[in-house]
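Structure data (PDB, C-alpha atoms) from my_file-v1.pdb:
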```
MODEL        1
ATOM      1  CA  MET A 999     -43.658   9.618 -10.636  1.00  0.00           C
ATOM      2  CA  ASP A1000     -41.597  11.907  -8.398  1.00  0.00           C
ATOM      3  CA  MET A1001     -41.152   9.194  -5.755  1.00  0.00           C
ATOM      4  CA  PHE A1002     -40.164   6.646  -8.383  1.00  0.00           C
ATOM      5  CA  ASP A1003     -37.556   9.026  -9.850  1.00  0.00           C
ATOM      6  CA  SER A1004     -36.030   9.651  -6.441  1.00  0.00           C
ATOM      7  CA  PHE A1005     -35.918   5.888  -5.800  1.00  0.00           C
ATOM      8  CA  VAL A1006     -34.170   5.277  -9.127  1.00  0.00           C
ATOM      9  CA  SER A1007     -31.736   8.111  -8.415  1.00  0.00           C
ATOM     10  CA  ALA A1008     -30.952   6.709  -4.958  1.00  0.00           C
ATOM     11  CA  ALA A1009     -30.458   3.221  -6.418  1.00  0.00           C
ATOM     12  CA  LYS A1010     -28.064   4.597  -9.065  1.00  0.00           C
ATOM     13  CA  ASP A1011     -26.077   6.440  -6.401  1.00  0.00           C
ATOM     14  CA  ALA A1012     -25.839   3.283  -4.303  1.00  0.00           C
ATOM     15  CA  CYS A1013     -24.665   1.273  -7.312  1.00  0.00           C
ATOM     16  CA  ASP A1014     -22.065   3.910  -8.178  1.00  0.00           C
ATOM     17  CA  LYS A1015     -20.718   3.886  -4.615  1.00  0.00           C
ATOM     18  CA  ALA A1016     -20.613   0.085  -4.576  1.00  0.00           C
ATOM     19  CA  GLY A1017     -18.793   0.094  -7.914  1.00  0.00           C
ATOM     20  CA  LYS A1018     -16.179   2.551  -6.661  1.00  0.00           C
ATOM     21  CA  LYS A1019     -15.642   0.549  -3.473  1.00  0.00           C
ATOM     22  CA  THR A1020     -15.283  -2.638  -5.526  1.00  0.00           C
ATOM     23  CA  GLU A1021     -12.652  -0.962  -7.712  1.00  0.00           C
ATOM     24  CA  GLU A1022     -10.748   0.059  -4.580  1.00  0.00           C
ATOM     25  CA  VAL A1023     -10.889  -3.472  -3.169  1.00  0.00           C
ATOM     26  CA  VAL A1024      -9.681  -4.970  -6.458  1.00  0.00           C
ATOM     27  CA  ALA A1025      -6.793  -2.478  -6.678  1.00  0.00           C
ATOM     28  CA  ILE A1026      -5.781  -3.215  -3.082  1.00  0.00           C
ATOM     29  CA  SER A1027      -5.962  -6.969  -3.683  1.00  0.00           C
ATOM     30  CA  LYS A1028      -3.814  -6.712  -6.809  1.00  0.00           C
ATOM     31  CA  LEU A1029      -1.185  -4.689  -4.973  1.00  0.00           C
ATOM     32  CA  LYS A1030      -1.176  -7.125  -2.044  1.00  0.00           C
ATOM     33  CA  LEU A1031      -0.621 -10.006  -4.470  1.00  0.00           C
ATOM     34  CA  LYS A1032       2.165  -8.115  -6.226  1.00  0.00           C
ATOM     35  CA  CYS A1033       3.849  -7.373  -2.876  1.00  0.00           C
ATOM     36  CA  SER A1034       3.587 -11.022  -1.880  1.00  0.00           C
ATOM     37  CA  GLN A1035       5.121 -12.143  -5.166  1.00  0.00           C
ATOM     38  CA  THR A1036       7.938  -9.613  -4.822  1.00  0.00           C
ATOM     39  CA  LYS A1037       8.655 -10.856  -1.292  1.00  0.00           C
ATOM     40  CA  GLY A1038       8.914 -14.385  -2.698  1.00  0.00           C
ATOM     41  CA  GLU A1039      11.318 -13.204  -5.396  1.00  0.00           C
ATOM     42  CA  ILE A1040      13.440 -11.465  -2.753  1.00  0.00           C
ATOM     43  CA  GLU A1041      13.613 -14.673  -0.697  1.00  0.00           C
ATOM     44  CA  LYS A1042      14.684 -16.635  -3.789  1.00  0.00           C
ATOM     45  CA  ALA A1043      17.337 -14.018  -4.569  1.00  0.00           C
ATOM     46  CA  TYR A1044      18.663 -14.275  -1.004  1.00  0.00           C
ATOM     47  CA  GLY A1045      18.818 -18.047  -1.472  1.00  0.00           C
ATOM     48  CA  ARG A1046      20.780 -17.693  -4.705  1.00  0.00           C
ATOM     49  CA  LEU A1047      23.136 -15.227  -3.045  1.00  0.00           C
ATOM     50  CA  GLY A1048      23.706 -17.576  -0.133  1.00  0.00           C
ATOM     51  CA  LYS A1049      24.418 -20.483  -2.470  1.00  0.00           C
ATOM     52  CA  ILE A1050      26.883 -18.400  -4.482  1.00  0.00           C
ATOM     53  CA  VAL A1051      28.719 -17.277  -1.330  1.00  0.00           C
ATOM     54  CA  TYR A1052      28.753 -20.843  -0.001  1.00  0.00           C
ATOM     55  CA  ASP A1053      30.040 -22.266  -3.293  1.00  0.00           C
ATOM     56  CA  CYS A1054      32.736 -19.578  -3.415  1.00  0.00           C
ATOM     57  CA  LYS A1055      33.904 -20.405   0.115  1.00  0.00           C
ATOM     58  CA  ILE A1056      33.943 -24.147  -0.578  1.00  0.00           C
ATOM     59  CA  SER A1057      35.815 -23.831  -3.865  1.00  0.00           C
ATOM     60  CA  GLY A1058      38.128 -21.091  -2.606  1.00  0.00           C
ATOM     61  CA  VAL A1059      37.368 -18.978  -5.690  1.00  0.00           C
ATOM     62  CA  GLU A1060      36.046 -15.462  -5.173  1.00  0.00           C
ATOM     63  CA  ASN A1061      33.352 -14.254  -7.545  1.00  0.00           C
ATOM     64  CA  ASP A1062      32.568 -10.705  -6.433  1.00  0.00           C
ATOM     65  CA  GLU A1063      30.986  -9.831  -9.776  1.00  0.00           C
ATOM     66  CA  LEU A1064      28.305 -12.506  -9.415  1.00  0.00           C
ATOM     67  CA  ILE A1065      27.725 -11.555  -5.784  1.00  0.00           C
ATOM     68  CA  ASN A1066      27.313  -7.898  -6.785  1.00  0.00           C
ATOM     69  CA  VAL A1067      24.773  -8.875  -9.456  1.00  0.00           C
ATOM     70  CA  CYS A1068      22.717 -10.739  -6.824  1.00  0.00           C
ATOM     71  CA  VAL A1069      22.959  -7.840  -4.374  1.00  0.00           C
ATOM     72  CA  ALA A1070      21.830  -5.394  -7.086  1.00  0.00           C
ATOM     73  CA  GLU A1071      18.870  -7.662  -7.896  1.00  0.00           C
ATOM     74  CA  ILE A1072      17.849  -7.755  -4.232  1.00  0.00           C
ATOM     75  CA  LYS A1073      18.141  -3.965  -3.941  1.00  0.00           C
ATOM     76  CA  GLU A1074      15.985  -3.497  -7.048  1.00  0.00           C
ATOM     77  CA  LEU A1075      13.323  -5.894  -5.767  1.00  0.00           C
ATOM     78  CA  ALA A1076      13.363  -4.221  -2.340  1.00  0.00           C
ATOM     79  CA  ALA A1077      12.864  -0.789  -3.950  1.00  0.00           C
ATOM     80  CA  GLN A1078       9.973  -2.169  -6.011  1.00  0.00           C
ATOM     81  CA  LEU A1079       8.425  -3.669  -2.862  1.00  0.00           C
ATOM     82  CA  GLU A1080       8.781  -0.357  -1.002  1.00  0.00           C
ATOM     83  CA  ALA A1081       7.108   1.573  -3.850  1.00  0.00           C
ATOM     84  CA  ASP A1082       4.239  -0.923  -4.040  1.00  0.00           C
ATOM     85  CA  THR A1083       3.837  -0.852  -0.258  1.00  0.00           C
ATOM     86  CA  GLU A1084       3.587   2.948  -0.332  1.00  0.00           C
ATOM     87  CA  LYS A1085       0.905   2.733  -3.061  1.00  0.00           C
ATOM     88  CA  LEU A1086      -0.947   0.202  -0.932  1.00  0.00           C
ATOM     89  CA  MET A1087      -0.764   2.483   2.101  1.00  0.00           C
ATOM     90  CA  GLU A1088      -2.154   5.339   0.017  1.00  0.00           C
ATOM     91  CA  LEU A1089      -5.043   3.217  -1.262  1.00  0.00           C
ATOM     92  CA  LYS A1090      -5.841   2.063   2.267  1.00  0.00           C
ATOM     93  CA  LYS A1091      -5.602   5.674   3.497  1.00  0.00           C
ATOM     94  CA  LEU A1092      -2.858   4.906   6.017  1.00  0.00           C
ATOM     95  CA  VAL A1093       0.233   6.824   7.155  1.00  0.00           C
ATOM     96  CA  ARG A1094       3.392   5.028   8.317  1.00  0.00           C
ATOM     97  CA  CYS A1095       5.103   6.094  11.549  1.00  0.00           C
ATOM     98  CA  LYS A1096       8.730   7.022  10.908  1.00  0.00           C
ATOM     99  CA  SER A1097       9.752   5.831  14.378  1.00  0.00           C
ATOM    100  CA  CYS A1098       8.318   2.299  14.465  1.00  0.00           C
ATOM    101  CA  GLY A1099       6.870   1.753  10.977  1.00  0.00           C
ATOM    102  CA  PHE A1100       3.300   1.151  12.180  1.00  0.00           C
ATOM    103  CA  ALA A1101       0.482   1.919   9.718  1.00  0.00           C
ATOM    104  CA  ASN A1102      -1.832   4.518  11.266  1.00  0.00           C
ATOM    105  CA  PRO A1103      -5.142   5.849   9.945  1.00  0.00           C
ATOM    106  CA  THR A1104      -4.908   9.043   7.938  1.00  0.00           C
ATOM    107  CA  GLY A1105      -5.355  12.132  10.054  1.00  0.00           C
ATOM    108  CA  SER A1106      -3.794  10.584  13.155  1.00  0.00           C
ATOM    109  CA  VAL A1107      -1.559  12.979  15.047  1.00  0.00           C
ATOM    110  CA  PHE A1108       0.253  10.341  17.126  1.00  0.00           C
ATOM    111  CA  CYS A1109       1.259   6.765  16.344  1.00  0.00           C
ATOM    112  CA  ASN A1110      -1.158   4.187  17.727  1.00  0.00           C
ATOM    113  CA  ARG A1111       1.741   1.833  18.551  1.00  0.00           C
ATOM    114  CA  CYS A1112       4.619   3.916  19.910  1.00  0.00           C
ATOM    115  CA  GLY A1113       2.970   7.289  20.558  1.00  0.00           C
ATOM    116  CA  SER A1114       5.439   9.261  18.443  1.00  0.00           C
ATOM    117  CA  LYS A1115       4.132  12.391  16.794  1.00  0.00           C
ATOM    118  CA  LEU A1116       3.394  11.651  13.164  1.00  0.00           C
ATOM    119  CA  ASP A1117       4.806  13.863  10.446  1.00  0.00           C
ATOM    120  CA  ALA A1118       2.202  16.620  10.163  1.00  0.00           C
ATOM    121  CA  SER A1119       2.907  17.295   6.476  1.00  0.00           C
ATOM    122  CA  GLU A1120       2.245  13.678   5.475  1.00  0.00           C
ATOM    123  CA  ALA A1121      -0.874  13.390   7.603  1.00  0.00           C
ATOM    124  CA  SER A1122      -2.317  16.699   6.390  1.00  0.00           C
ATOM    125  CA  GLU A1123      -1.493  16.000   2.710  1.00  0.00           C
ATOM    126  CA  THR A1124      -3.236  12.660   2.876  1.00  0.00           C
ATOM    127  CA  GLN A1125      -6.157  14.181   4.798  1.00  0.00           C
ATOM    128  CA  GLU A1126      -6.522  16.945   2.172  1.00  0.00           C
ATOM    129  CA  THR A1127      -6.630  14.289  -0.561  1.00  0.00           C
ATOM    130  CA  VAL A1128      -9.369  12.418   1.303  1.00  0.00           C
ATOM    131  CA  GLU A1129     -11.321  15.640   1.863  1.00  0.00           C
ATOM    132  CA  ASP A1130     -10.980  16.566  -1.827  1.00  0.00           C
ATOM    133  CA  ASP A1131     -12.273  13.121  -2.813  1.00  0.00           C
ATOM    134  CA  GLU A1132     -15.232  13.478  -0.456  1.00  0.00           C
ATOM    135  CA  ALA A1133     -16.049  17.069  -1.476  1.00  0.00           C
ATOM    136  CA  GLY A1134     -18.156  15.898  -4.409  1.00  0.00           C
ATOM    137  CA  GLN A1135     -20.144  13.433  -2.281  1.00  0.00           C
ATOM    138  CA  ASP A1136     -23.358  14.102  -0.405  1.00  0.00           C
ATOM    139  CA  PRO A1137     -23.168  14.513   3.422  1.00  0.00           C
ATOM    140  CA  GLU A1138     -24.405  10.956   4.061  1.00  0.00           C
ATOM    141  CA  ALA A1139     -21.544   9.548   1.981  1.00  0.00           C
ATOM    142  CA  GLN A1140     -19.041  11.618   3.949  1.00  0.00           C
ATOM    143  CA  GLU A1141     -20.345  10.270   7.234  1.00  0.00           C
ATOM    144  CA  GLY A1142     -20.162   6.696   5.943  1.00  0.00           C
ATOM    145  CA  SER A1143     -16.609   7.091   4.679  1.00  0.00           C
ATOM    146  CA  ASP A1144     -15.328   7.543   8.235  1.00  0.00           C
ATOM    147  CA  THR A1145     -16.597   4.127   9.271  1.00  0.00           C
ATOM    148  CA  GLU A1146     -15.729   2.060   6.201  1.00  0.00           C
ATOM    149  CA  GLU A1147     -12.979  -0.570   6.001  1.00  0.00           C
TER
ENDMDL
END
```

Please go through the file and, once you have read it, give me the structure as structure tokens.
Amino acid sequence: MDMFDSFVSAAKDACDKAGKKTEEVVAISKLKLKCSQTKGEIEKAYGRLGKIVYDCKISGVENDELINVCVAEIKELAAQLEADTEKLMELKKLVRCKSCGFANPTGSVFCNRCGSKLDASEASETQETVEDDEAGQDPEAQEGSDTEE
């Protein structure tokens, strides 16, 4: 019975790990979709703004209030997109280079694109979070987490 119990335990652990990974993939997919939709809304808002400016120039009537409303909408959507992108980076365990904007793996010291030194506080904070998450896992799971994705 001892061998059977260890097999069942190993199967449960594997299922738990697969379930957690699936949850991560679903969360990432949802955020990607949300970012894509927000980008589409931003493009539409730019189109509306362009039409308003064009119509104002053609008619000779200035409508700064309407233009300001469109600009505020674009700024709000851009802020939402930035926040969602940061959440996505966190879920994917990536750190953005402040020089070129490239997404680097957590724990990187230098940017893989431009070679700039990455902000040590961001990289170490994210690395500590990853290490805390892995602290409860067995050593085999920790080894596998370095190669996933």

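Going from atom CA of Leu1116 of chain A over to atom CA of Lys1096 of chain A, you cover 7.4 Å.
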
Enter the distance from atom CA of Asp1011 of chain A to atom CA of Lys1030 of chain A, in Å, rounded to one decimal.
28.7 Å

Which of these residues is nearest to Lys1085 of chain A, using only C-alpha atoms: A:Cys1054, A:Val1006, A:Ala1070, A:Leu1029?
A:Leu1029

List, as a ChimeraX atom specification, every residue that the PyMOL selection byres ((chain A and resi 1092) around 9) selects in the file provided.
/A:1086-1091,1093-1094,1101-1105,1121,1124

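Here atom CA of Ile1065 of chain A is placed at a distance of 6.5 Å from atom CA of Leu1047 of chain A.
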
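Closest to Leu1075 of chain A among A:Ser1114, A:Gln1035, A:Ser1004, A:Thr1020 is A:Gln1035, based on only C-alpha atoms.
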